[in-house]
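*Asks:* What follows is my_file.tsv, made up of TSV, C-alpha atoms:
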```tsv
chain	number	residue	atom	x	y	z
A	1	MET	CA	70.73	-18.27	-87.78
A	2	LYS	CA	67.15	-17.34	-88.75
A	3	LYS	CA	66.94	-14.72	-85.99
A	4	LEU	CA	70.38	-13.35	-86.79
A	5	ARG	CA	69.45	-13.02	-90.44
A	6	LEU	CA	66.11	-11.36	-89.71
A	7	GLY	CA	67.87	-9.03	-87.28
A	8	MET	CA	70.48	-8.07	-89.87
A	9	GLN	CA	67.83	-7.53	-92.55
A	10	LEU	CA	65.81	-5.27	-90.22
A	11	LEU	CA	68.91	-3.40	-89.08
A	12	PHE	CA	70.04	-2.81	-92.66
A	13	THR	CA	66.57	-1.67	-93.74
A	14	ILE	CA	66.39	0.78	-90.84
A	15	LEU	CA	69.96	2.02	-91.32
A	16	THR	CA	69.57	2.66	-95.04
A	17	ASN	CA	66.12	4.21	-94.61
A	18	GLY	CA	66.74	6.13	-91.42
A	19	TYR	CA	65.71	9.64	-92.52
A	20	VAL	CA	62.57	9.83	-90.38
A	21	TYR	CA	61.98	13.52	-91.20
A	22	GLY	CA	61.36	12.50	-94.83
A	23	PHE	CA	58.61	10.06	-93.90
A	24	LEU	CA	56.88	12.70	-91.78
A	25	ASN	CA	57.05	15.52	-94.33
A	26	GLY	CA	56.97	13.79	-97.72
A	27	LYS	CA	60.48	14.98	-98.62
A	28	ILE	CA	63.70	13.12	-99.36
A	29	TYR	CA	67.18	13.30	-97.85
A	30	GLN	CA	69.52	15.59	-99.81
A	31	GLY	CA	72.80	15.16	-97.96
A	32	ARG	CA	76.23	13.97	-98.99
A	33	LEU	CA	75.64	10.30	-98.19
A	34	LYS	CA	73.77	10.08	-101.48
A	35	TYR	CA	77.08	10.28	-103.32
A	36	VAL	CA	77.49	6.59	-102.47
A	37	CYS	CA	75.38	3.52	-103.19
A	38	VAL	CA	73.99	1.00	-100.73
A	39	PRO	CA	74.59	-2.68	-101.57
A	40	GLY	CA	70.90	-3.67	-101.89
A	41	LEU	CA	67.96	-2.52	-104.02
A	42	ASN	CA	66.81	0.55	-102.11
A	43	CYS	CA	65.05	3.35	-104.02
A	44	TYR	CA	66.75	6.73	-103.58
A	45	SER	CA	63.36	8.37	-103.86
A	46	CYS	CA	62.24	6.66	-100.68
A	47	PRO	CA	61.69	9.48	-98.15
A	48	GLY	CA	63.89	7.63	-95.68
A	49	ALA	CA	66.73	6.67	-98.06
A	50	LEU	CA	70.12	7.89	-96.84
A	51	ALA	CA	72.15	6.69	-99.86
A	52	SER	CA	71.65	5.82	-103.52
A	53	CYS	CA	70.33	2.67	-105.18
A	54	PRO	CA	73.05	1.06	-107.35
A	55	ILE	CA	70.64	0.19	-110.17
A	56	GLY	CA	69.10	3.67	-110.10
A	57	ALA	CA	72.60	5.15	-110.09
A	58	LEU	CA	73.66	3.01	-113.07
A	59	GLN	CA	70.64	4.20	-115.03
A	60	ALA	CA	71.25	7.82	-114.05
A	61	LEU	CA	74.78	7.56	-115.47
A	62	LEU	CA	73.58	5.84	-118.66
A	63	ASN	CA	70.89	8.51	-119.06
A	64	GLN	CA	73.38	11.35	-118.60
A	65	ARG	CA	76.55	9.98	-120.12
A	66	GLY	CA	75.27	7.58	-122.81
A	67	PHE	CA	77.68	4.71	-123.40
A	68	GLU	CA	80.55	6.17	-121.40
A	69	VAL	CA	81.75	3.49	-118.95
A	70	PRO	CA	79.88	4.01	-115.63
A	71	PHE	CA	83.03	3.49	-113.52
A	72	ALA	CA	81.53	4.66	-110.25
A	73	VAL	CA	78.67	2.15	-110.22
A	74	LEU	CA	80.85	-0.66	-111.57
A	75	GLY	CA	83.14	0.15	-108.65
A	76	PHE	CA	80.33	-0.30	-106.12
A	77	PHE	CA	79.32	-3.57	-107.83
A	78	PHE	CA	82.88	-4.90	-107.63
A	79	LEU	CA	83.38	-3.72	-104.06
A	80	PHE	CA	80.19	-5.20	-102.61
A	81	GLY	CA	80.14	-8.20	-104.98
A	82	SER	CA	83.75	-9.28	-104.39
A	83	ILE	CA	83.35	-9.20	-100.63
A	84	LEU	CA	79.75	-10.33	-100.16
A	85	GLY	CA	78.39	-11.78	-103.42
A	86	ARG	CA	74.68	-12.55	-103.09
A	87	PHE	CA	75.01	-12.43	-99.31
A	88	VAL	CA	73.75	-8.89	-100.01
A	89	CYS	CA	70.44	-10.39	-101.25
A	90	GLY	CA	70.08	-12.65	-98.24
A	91	PHE	CA	71.04	-10.19	-95.52
A	92	CYS	CA	71.08	-6.57	-96.74
A	93	CYS	CA	68.20	-6.03	-99.19
A	94	PRO	CA	65.05	-4.28	-97.90
A	95	PHE	CA	62.86	-5.63	-100.71
A	96	GLY	CA	64.22	-9.12	-100.05
A	97	LEU	CA	63.09	-8.73	-96.43
A	98	VAL	CA	59.58	-7.78	-97.58
A	99	GLN	CA	59.39	-10.90	-99.76
A	100	ASP	CA	60.74	-13.09	-96.92
A	101	LEU	CA	58.07	-11.78	-94.54
A	102	LEU	CA	55.30	-12.30	-97.10
A	103	HIS	CA	56.45	-15.88	-97.66
A	104	LYS	CA	55.92	-16.58	-93.95
A	105	ILE	CA	52.17	-15.89	-94.27
A	106	PRO	CA	50.51	-19.28	-93.79
A	107	LEU	CA	48.44	-19.16	-96.97
A	108	PHE	CA	48.61	-21.47	-100.00
A	109	ARG	CA	50.88	-24.48	-100.47
A	110	LYS	CA	54.44	-23.10	-100.60
A	111	ARG	CA	56.60	-23.55	-103.70
A	112	LYS	CA	60.31	-22.97	-104.07
A	113	ARG	CA	60.16	-22.21	-107.76
A	114	LEU	CA	57.78	-21.28	-110.55
A	115	PRO	CA	57.08	-23.75	-113.36
A	116	LEU	CA	59.67	-23.31	-116.17
A	117	HIS	CA	62.18	-22.11	-113.59
A	118	HIS	CA	65.10	-23.25	-115.76
A	119	ILE	CA	64.05	-20.71	-118.39
A	120	LEU	CA	62.55	-18.00	-116.18
A	121	LYS	CA	65.70	-17.71	-114.03
A	122	TYR	CA	67.39	-16.00	-116.98
A	123	GLY	CA	64.76	-13.25	-116.82
A	124	LYS	CA	66.91	-11.20	-114.45
A	125	TYR	CA	69.76	-11.12	-116.97
A	126	LEU	CA	67.31	-10.00	-119.65
A	127	VAL	CA	66.04	-7.23	-117.36
A	128	LEU	CA	69.63	-6.15	-116.65
A	129	VAL	CA	70.57	-5.95	-120.33
A	130	LEU	CA	67.32	-4.76	-121.91
A	131	LEU	CA	65.78	-2.48	-119.30
A	132	VAL	CA	68.68	-1.29	-117.15
A	133	CYS	CA	71.41	-0.92	-119.77
A	134	ILE	CA	69.97	-0.66	-123.29
A	135	GLY	CA	66.60	0.78	-122.20
A	136	SER	CA	68.19	3.52	-120.14
A	137	ALA	CA	70.62	4.47	-122.87
A	138	PHE	CA	68.03	4.58	-125.69
A	139	LEU	CA	64.49	5.08	-124.37
A	140	PHE	CA	63.25	8.64	-124.41
A	141	GLY	CA	60.36	10.08	-122.44
A	142	GLY	CA	59.64	13.59	-123.74
A	143	PHE	CA	63.07	15.07	-124.42
A	144	ALA	CA	65.04	13.14	-121.83
A	145	LYS	CA	66.21	9.56	-121.59
A	146	VAL	CA	64.34	7.51	-119.01
A	147	PRO	CA	65.50	5.07	-116.32
A	148	ALA	CA	63.54	2.23	-117.92
A	149	PHE	CA	63.82	-0.32	-115.10
A	150	CYS	CA	62.75	2.14	-112.40
A	151	LYS	CA	60.00	3.58	-114.55
A	152	TYR	CA	58.34	0.40	-115.81
A	153	LEU	CA	59.28	-2.42	-113.45
A	154	CYS	CA	60.92	-1.72	-110.09
A	155	PRO	CA	58.48	-2.73	-107.33
A	156	SER	CA	60.89	-1.50	-104.64
A	157	GLY	CA	60.49	2.07	-105.93
A	158	THR	CA	56.71	1.81	-105.73
A	159	LEU	CA	56.73	0.31	-102.24
A	160	PHE	CA	59.47	2.34	-100.57
A	161	GLY	CA	59.32	5.47	-102.74
A	162	ALA	CA	55.88	6.09	-104.21
A	163	LEU	CA	53.54	4.90	-101.47
A	164	PRO	CA	55.15	6.77	-98.52
A	165	LEU	CA	55.55	9.94	-100.62
A	166	LEU	CA	51.99	9.84	-101.91
A	167	GLY	CA	50.78	9.35	-98.36
A	168	THR	CA	52.28	12.65	-97.24
A	169	ASN	CA	52.69	14.78	-100.37
A	170	GLU	CA	49.44	16.17	-101.74
A	171	LEU	CA	51.04	17.67	-104.86
A	172	LEU	CA	52.33	14.26	-105.92
A	173	ARG	CA	48.93	12.67	-105.28
A	174	SER	CA	47.36	15.02	-107.80
A	175	GLN	CA	49.77	13.80	-110.51
A	176	ILE	CA	48.96	10.08	-110.34
A	177	GLY	CA	48.28	8.55	-113.76
A	178	GLY	CA	48.18	5.25	-115.63
A	179	LEU	CA	51.88	4.57	-115.10
A	180	PHE	CA	51.42	4.53	-111.34
A	181	PHE	CA	48.64	1.95	-111.58
A	182	TRP	CA	50.81	-0.18	-113.90
A	183	LYS	CA	53.61	-0.16	-111.32
A	184	LEU	CA	51.21	-0.71	-108.44
A	185	GLY	CA	49.85	-3.72	-110.33
A	186	ILE	CA	53.37	-5.15	-110.70
A	187	LEU	CA	54.07	-4.58	-107.01
A	188	LEU	CA	50.83	-6.27	-105.93
A	189	MET	CA	51.43	-9.19	-108.29
A	190	ILE	CA	54.95	-9.74	-106.92
A	191	MET	CA	53.76	-9.39	-103.32
A	192	PHE	CA	50.92	-11.86	-103.91
A	193	LEU	CA	53.27	-14.29	-105.66
A	194	SER	CA	55.77	-13.96	-102.78
A	195	ILE	CA	53.24	-15.55	-100.42
A	196	LYS	CA	53.35	-18.75	-102.50
A	197	VAL	CA	56.79	-18.75	-104.20
A	198	TYR	CA	60.06	-17.92	-102.42
A	199	ARG	CA	61.34	-14.48	-103.48
A	200	PRO	CA	59.98	-14.44	-107.06
A	201	PHE	CA	61.42	-10.99	-107.77
A	202	CYS	CA	64.93	-11.99	-106.65
A	203	GLN	CA	64.83	-15.31	-108.52
A	204	TYR	CA	63.44	-14.07	-111.83
A	205	LEU	CA	63.60	-10.29	-112.22
A	206	CYS	CA	66.14	-8.52	-110.02
A	207	PRO	CA	69.02	-7.05	-112.08
A	208	LEU	CA	71.08	-6.55	-108.93
A	209	GLY	CA	70.79	-10.26	-108.16
A	210	ALA	CA	72.02	-10.95	-111.70
A	211	VAL	CA	75.09	-8.79	-111.06
A	212	TYR	CA	75.94	-10.17	-107.60
A	213	GLY	CA	75.28	-13.75	-108.77
A	214	TRP	CA	78.34	-13.48	-110.99
A	215	PHE	CA	80.49	-12.65	-107.95
A	216	ASN	CA	79.22	-15.65	-105.95
A	217	ARG	CA	81.89	-17.96	-107.35
A	218	PHE	CA	84.79	-16.00	-105.89
A	219	SER	CA	83.41	-13.61	-103.23
A	220	LEU	CA	85.09	-13.52	-99.83
A	221	VAL	CA	81.96	-14.72	-98.03
A	222	GLN	CA	81.35	-18.32	-99.13
A	223	VAL	CA	79.32	-21.33	-98.10
A	224	HIS	CA	81.95	-24.03	-97.80
A	225	TRP	CA	81.03	-27.70	-98.32
A	226	GLU	CA	83.17	-30.44	-96.78
A	227	GLU	CA	82.54	-33.21	-99.28
A	228	GLU	CA	84.42	-35.85	-97.28
A	229	LYS	CA	82.07	-35.44	-94.27
A	230	CYS	CA	78.87	-35.36	-96.38
A	231	THR	CA	76.50	-38.34	-96.28
A	232	PHE	CA	74.46	-36.97	-99.22
A	233	CYS	CA	71.24	-37.19	-97.19
A	234	GLY	CA	69.72	-34.26	-99.11
A	235	ALA	CA	68.65	-32.34	-95.96
A	236	CYS	CA	70.38	-29.20	-97.25
A	237	GLN	CA	68.57	-29.28	-100.58
A	238	ARG	CA	65.21	-29.81	-98.89
A	239	ALA	CA	65.89	-26.82	-96.64
A	240	CYS	CA	67.24	-24.61	-99.44
A	241	PRO	CA	64.58	-22.09	-100.49
A	242	VAL	CA	65.90	-22.08	-104.07
A	243	ASP	CA	66.43	-25.87	-104.21
A	244	LEU	CA	70.21	-26.07	-104.56
A	245	SER	CA	72.20	-29.17	-103.60
A	246	ALA	CA	75.30	-29.04	-101.36
A	247	SER	CA	77.66	-29.26	-104.33
A	248	GLU	CA	75.93	-26.33	-106.09
A	249	VAL	CA	75.63	-23.95	-103.15
A	250	SER	CA	79.09	-22.38	-103.03
A	251	ARG	CA	79.31	-21.31	-106.69
A	252	SER	CA	75.72	-21.06	-107.89
A	253	PRO	CA	74.59	-17.55	-108.91
A	254	GLU	CA	71.17	-18.44	-107.49
A	255	CYS	CA	72.36	-18.94	-103.88
A	256	ILE	CA	71.43	-15.92	-101.72
A	257	ARG	CA	73.55	-17.17	-98.77
A	258	CYS	CA	70.52	-17.39	-96.47
A	259	GLY	CA	72.26	-20.10	-94.44
A	260	ARG	CA	69.31	-22.49	-94.21
A	261	CYS	CA	71.41	-25.36	-95.61
A	262	ILE	CA	74.02	-24.76	-92.90
A	263	GLU	CA	71.34	-25.03	-90.22
A	264	ALA	CA	69.76	-28.11	-91.77
A	265	CYS	CA	72.92	-30.20	-92.24
A	266	PRO	CA	73.00	-32.98	-89.58
A	267	LYS	CA	76.74	-33.59	-90.10
A	268	LYS	CA	77.69	-29.90	-90.03
A	269	CYS	CA	79.56	-30.14	-93.30
A	270	LEU	CA	78.36	-26.77	-94.60
A	271	HIS	CA	79.70	-23.55	-93.09
A	272	PHE	CA	79.79	-19.84	-93.75
A	273	ARG	CA	83.42	-19.26	-94.35
A	274	SER	CA	85.71	-16.80	-96.07
A	275	THR	CA	88.02	-18.00	-98.84
A	276	GLN	CA	90.96	-16.97	-96.62
A	277	GLN	CA	89.90	-19.26	-93.75
A	278	GLU	CA	89.69	-22.14	-96.25
A	279	LYS	CA	93.24	-21.51	-97.42
A	280	LEU	CA	94.54	-21.22	-93.86
A	281	GLN	CA	92.97	-24.53	-92.84
A	282	LYS	CA	94.49	-26.29	-95.85
A	283	THR	CA	97.91	-24.91	-94.96
A	284	LEU	CA	97.61	-26.17	-91.38
B	1	MET	CA	97.61	-31.07	-115.75
B	2	GLY	CA	97.26	-31.43	-111.96
B	3	PHE	CA	99.67	-28.52	-111.52
B	4	TRP	CA	97.47	-26.20	-113.57
B	5	LYS	CA	94.32	-27.29	-111.75
B	6	LYS	CA	95.97	-26.63	-108.37
B	7	ARG	CA	97.36	-23.33	-109.57
B	8	ASN	CA	93.95	-22.16	-110.82
B	9	ARG	CA	92.28	-23.19	-107.57
B	10	ASP	CA	94.84	-21.35	-105.47
B	11	SER	CA	94.75	-18.19	-107.57
B	12	GLY	CA	90.95	-18.17	-107.11
B	13	LYS	CA	91.42	-17.66	-103.37
B	14	TYR	CA	92.54	-14.10	-103.94
B	15	THR	CA	90.16	-13.17	-106.75
B	16	TRP	CA	87.88	-11.38	-104.28
B	17	LEU	CA	90.81	-9.18	-103.25
B	18	TRP	CA	91.55	-8.23	-106.86
B	19	GLY	CA	87.82	-7.59	-107.34
B	20	THR	CA	87.74	-5.32	-104.30
B	21	LEU	CA	90.79	-3.46	-105.55
B	22	VAL	CA	89.19	-3.03	-108.99
B	23	GLY	CA	86.09	-1.73	-107.20
B	24	VAL	CA	87.99	0.89	-105.22
B	25	ILE	CA	89.91	2.01	-108.32
B	26	CYS	CA	86.71	2.24	-110.38
B	27	ILE	CA	85.01	4.34	-107.68
B	28	ALA	CA	88.05	6.64	-107.58
B	29	VAL	CA	88.05	6.98	-111.40
B	30	GLY	CA	84.29	7.60	-111.36
B	31	ALA	CA	84.66	10.26	-108.67
B	32	TRP	CA	87.46	11.94	-110.62
B	33	ASP	CA	85.23	11.91	-113.73
B	34	GLY	CA	82.35	13.55	-111.84
B	35	GLN	CA	80.13	10.46	-111.98
B	36	LEU	CA	79.40	10.50	-108.24
B	37	ALA	CA	78.07	14.03	-108.66
B	38	VAL	CA	75.72	12.81	-111.44
B	39	ILE	CA	74.43	10.10	-109.09
B	40	TRP	CA	74.00	12.60	-106.25
B	41	LYS	CA	72.10	15.08	-108.44
B	42	LYS	CA	69.68	12.34	-109.49
B	43	ALA	CA	69.30	10.98	-105.96
B	44	VAL	CA	68.51	14.23	-104.14
B	45	MET	CA	65.48	15.11	-106.24
B	46	ILE	CA	62.28	13.05	-106.10
B	47	CYS	CA	62.54	10.91	-109.23
B	48	LEU	CA	58.97	10.96	-110.52
B	49	GLU	CA	59.72	8.24	-113.05
B	50	CYS	CA	61.18	5.97	-110.38
B	51	ILE	CA	58.04	6.18	-108.29
B	52	GLY	CA	55.76	5.70	-111.30
B	53	ILE	CA	54.42	9.22	-111.74
B	54	GLY	CA	56.61	10.94	-114.33
```
Rewrite the structure of this file - the entire thing - as structure tokens.
*Replies:*
Amino acid sequence: MKKLRLGMQLLFTILTNGYVYGFLNGKIYQGRLKYVCVPGLNCYSCPGALASCPIGALQALLNQRGFEVPFAVLGFFFLFGSILGRFVCGFCCPFGLVQDLLHKIPLFRKRKRLPLHHILKYGKYLVLVLLVCIGSAFLFGGFAKVPAFCKYLCPSGTLFGALPLLGTNELLRSQIGGLFFWKLGILLMIMFLSIKVYRPFCQYLCPLGAVYGWFNRFSLVQVHWEEEKCTFCGACQRACPVDLSASEVSRSPECIRCGRCIEACPKKCLHFRSTQQEKLQKTL
Amino acid sequence: MGFWKKRNRDSGKYTWLWGTLVGVICIAVGAWDGQLAVIWKKAVMICLECIGIG
């Protein structure tokens, strides 16, 4: 399972950032694929990005259209969320992959959560409402509205967008100012924290995780728990990187469907399963 | 009471399908409204704000 997941994460990162020409020349892809959004957090200003970031797209619509309903982005949220839920976070997000790899570095004593987790976990909802929605609709920079989340917080944009572009584009390098160092500081802090704590950005700050978390309770891809077979040994909770018990896994908005609980269960009473398979088995 | 509980549980099995359908309809409405073009215009230019320069 671990290898499959790592393979899928790498494949998705390469597929969604496959515009090699952009990395070599400091330019970005301008083709038609950018009409659509990818499921994960993937900056559209990354030189390799082949499609749009859903959070960036939502802010672009709020910037341009004010409080008009952003149907297109809501559509992508519903489409990916209803089928995959936070499976997207576990298997398809490039910045999630970066945090996973950093957490493998054998430094510090590992922690699943930060202190005050029960309060901090709501941070991502706050970011979604204040920065992504309200911030983008109201905040002005110069004469134009600004994408507040991308501008002041998004570490994915700094890592996949800014750093590769600055490495190859001299004109951009000459324009670096205080804002860049603010964002670089946030990126370094999150990367450093990722070595000790499991996916701090996903657990506490990611607005996309907040959106997909809502879909977890009814998405097609589910982690199914067979209560009657369970011996309540707690192996799943010990293995879970976000410390969820077997009864919480299937519906919790915090579960990123990484599958570690499935691997750890000695009685095999947890499975990846679609809601349709569940129904079929009950009928039989 | 048990009837309602069972009914709710069963209807939940297809919620993802309704969600997917809502998603497809919303994308179609957004495309018709020109929202995909707004996204494309933003995505094909280097967003200086997004990378912390603008």
*Asks:* I'd like the contact shell of segment 33-39 of chain B - 7 Å cut-off, only C-alpha atoms, skipping same-chain residues fewer than 6 positions apart - returned as a list in words.
*Replies:* Tyr35, Ala57, Ala60, Leu61 and Ala72 of chain A
*Asks:* Should the cut-off be 6 Å, what would the residue list for chain A against chain B look like, counting all atoms listed in the file, as a PyMOL selection string?
*Replies:* chain A and resi 30+34-35+44-45+57+71-72+75+78-79+82+150-151+157-158+161-162+176+179-180+218-220+275
*Asks:* What are the centre and edge lengths in Å, to one decimal, of the axis-aligned box around all listed atoms of segment 161-170 of chain A with 4 Å added on each side, as lines of an AutoDock Vina configuration file?
*Replies:*
```
center_x = 54.4
center_y = 10.5
center_z = -100.7
size_x = 17.9
size_y = 19.3
size_z = 15.0
```
*Asks:* Just want the 7 Å neighbourhood of segment 207-211 of chain A, counted on all atoms listed in the file, with same-chain residues fewer than 4 positions away dropped. Output as a list in words.
*Replies:*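 My list of contacting residues is Ile55, Arg86, Cys89, Lys124, Tyr125, Val127, Leu128 and Cys202 of chain A.
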*Asks:* By how many Å are atom CA of Leu10 of chain A and atom CA of Ile83 of chain A apart?
*Replies:*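 One can read the atom CA of Leu10 of chain A to atom CA of Ile83 of chain A distance as 20.8 Å.
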*Asks:* Can you list, as a list in words, every protein, DNA or RNA residue that comes within 12 Å of Cys269 of chain A when you count only C-alpha atoms, leaving out same-chain residues fewer than 2 positions away?
*Replies:* Val223, His224, Trp225, Glu226, Glu227, Glu228, Lys229, Cys230, Thr231, Phe232, Cys233, Ala235, Cys236, Ala246, Ser247, Cys261, Ile262, Glu263, Ala264, Cys265, Pro266, Lys267, His271, Phe272 and Arg273 of chain A
*Asks:* Can you tell me, as a list in words, what residues are no more than 6 Å from segment 251-255 of chain A when counting all atoms listed in the file, ignoring any on the same chain fewer than 5 positions away?
*Replies:*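 These residues fall inside the cut-off: Gly213, Trp214, Asn216 and Arg217 of chain A.
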*Asks:* Just write the chosen residues, C-alpha atoms, as a short mmCIF file (atom, residue, chain, number, x, y, z; two decimals), in the coordinates of the input.
*Replies:*
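Printed below is selection12.cif as written:
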```
data_model
loop_
_atom_site.label_atom_id
_atom_site.label_comp_id
_atom_site.auth_asym_id
_atom_site.auth_seq_id
_atom_site.Cartn_x
_atom_site.Cartn_y
_atom_site.Cartn_z
CA GLY A 213 75.28 -13.75 -108.77
CA TRP A 214 78.34 -13.48 -110.99
CA ASN A 216 79.22 -15.65 -105.95
CA ARG A 217 81.89 -17.96 -107.35
#
```
*Asks:* Which residue is closest to Cys92 of chain A? Choose from A:Lys196, A:Arg32, A:Arg5, A:Lys183 and count all atoms listed in the file.
*Replies:* A:Arg5
*Asks:* What is the atom CA of Leu130 of chain A to atom CA of Gly48 of chain A distance in Å?
*Replies:*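 Value for the atom CA of Leu130 of chain A-atom CA of Gly48 of chain A distance: 29.2 Å.
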*Asks:* Please report the interatomic distance between atom CA of Lys112 of chain A and atom CA of Cys240 of chain A in Å with one decimal.
*Replies:*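 Interatomic distance, atom CA of Lys112 of chain A to atom CA of Cys240 of chain A: 8.5 Å.
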*Asks:* Within 9 Å of segment 18-27 of chain A, counting all atoms listed in the file, which residues qualify if same-chain residues fewer than 2 places away don't, as a PyMOL selection string?
*Replies:* (chain A and resi 13-16+29+45-50+164-170) or (chain B and resi 46)
*Asks:* Could you check the closest approach to Gly85 of chain A for each of A:Leu270, A:Ile256, A:Leu11, A:Leu58 and tell me which residue wins, using all atoms listed in the file?
*Replies:*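 Distance minimum relative to Gly85 of chain A lands on A:Ile256.
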*Asks:* Could I see segment 28-51 of chain B restored to N, CA and C atoms, set down as a short mmCIF file (atom, residue, chain, number, x, y, z; two decimals), in the frame of the given file?
*Replies:*
```cif
data_model
loop_
_atom_site.label_atom_id
_atom_site.label_comp_id
_atom_site.auth_asym_id
_atom_site.auth_seq_id
_atom_site.Cartn_x
_atom_site.Cartn_y
_atom_site.Cartn_z
N ALA B 28 87.17 5.46 -107.54
CA ALA B 28 88.05 6.64 -107.58
C ALA B 28 88.03 7.28 -108.97
N VAL B 29 88.09 6.45 -110.02
CA VAL B 29 88.05 6.98 -111.40
C VAL B 29 86.70 7.67 -111.64
N GLY B 30 85.62 7.02 -111.20
CA GLY B 30 84.29 7.60 -111.36
C GLY B 30 84.15 8.93 -110.65
N ALA B 31 84.72 9.01 -109.43
CA ALA B 31 84.66 10.26 -108.67
C ALA B 31 85.44 11.36 -109.38
N TRP B 32 86.61 10.98 -109.90
CA TRP B 32 87.46 11.94 -110.62
C TRP B 32 86.75 12.46 -111.88
N ASP B 33 85.95 11.57 -112.50
CA ASP B 33 85.23 11.91 -113.73
C ASP B 33 83.91 12.64 -113.45
N GLY B 34 83.59 12.84 -112.19
CA GLY B 34 82.35 13.55 -111.84
C GLY B 34 81.11 12.67 -111.85
N GLN B 35 81.29 11.35 -111.90
CA GLN B 35 80.13 10.46 -111.98
C GLN B 35 79.37 10.40 -110.65
N LEU B 36 80.09 10.53 -109.54
CA LEU B 36 79.40 10.50 -108.24
C LEU B 36 78.49 11.73 -108.11
N ALA B 37 78.90 12.82 -108.70
CA ALA B 37 78.07 14.03 -108.66
C ALA B 37 76.79 13.83 -109.47
N VAL B 38 76.92 13.11 -110.61
CA VAL B 38 75.72 12.81 -111.44
C VAL B 38 74.74 11.97 -110.62
N ILE B 39 75.28 10.97 -109.91
CA ILE B 39 74.43 10.10 -109.09
C ILE B 39 73.75 10.93 -107.99
N TRP B 40 74.53 11.79 -107.35
CA TRP B 40 74.00 12.60 -106.25
C TRP B 40 72.87 13.52 -106.74
N LYS B 41 73.12 14.16 -107.90
CA LYS B 41 72.10 15.08 -108.44
C LYS B 41 70.79 14.36 -108.69
N LYS B 42 70.89 13.12 -109.20
CA LYS B 42 69.68 12.34 -109.49
C LYS B 42 69.00 11.90 -108.18
N ALA B 43 69.84 11.58 -107.19
CA ALA B 43 69.30 10.98 -105.96
C ALA B 43 68.69 11.98 -104.99
N VAL B 44 69.03 13.26 -105.13
CA VAL B 44 68.51 14.23 -104.14
C VAL B 44 67.22 14.91 -104.60
N MET B 45 66.77 14.58 -105.80
CA MET B 45 65.48 15.11 -106.24
C MET B 45 64.50 13.93 -106.32
N ILE B 46 63.23 14.15 -106.00
CA ILE B 46 62.28 13.05 -106.10
C ILE B 46 62.17 12.64 -107.56
N CYS B 47 62.56 11.40 -107.85
CA CYS B 47 62.54 10.91 -109.23
C CYS B 47 61.13 10.43 -109.55
N LEU B 48 60.38 11.29 -110.25
CA LEU B 48 58.97 10.96 -110.52
C LEU B 48 58.83 9.69 -111.33
N GLU B 49 59.78 9.47 -112.25
CA GLU B 49 59.72 8.24 -113.05
C GLU B 49 59.92 7.01 -112.17
N CYS B 50 60.86 7.13 -111.23
CA CYS B 50 61.18 5.97 -110.38
C CYS B 50 60.00 5.56 -109.52
N ILE B 51 59.17 6.53 -109.15
CA ILE B 51 58.04 6.18 -108.29
C ILE B 51 56.75 6.02 -109.12
#
```
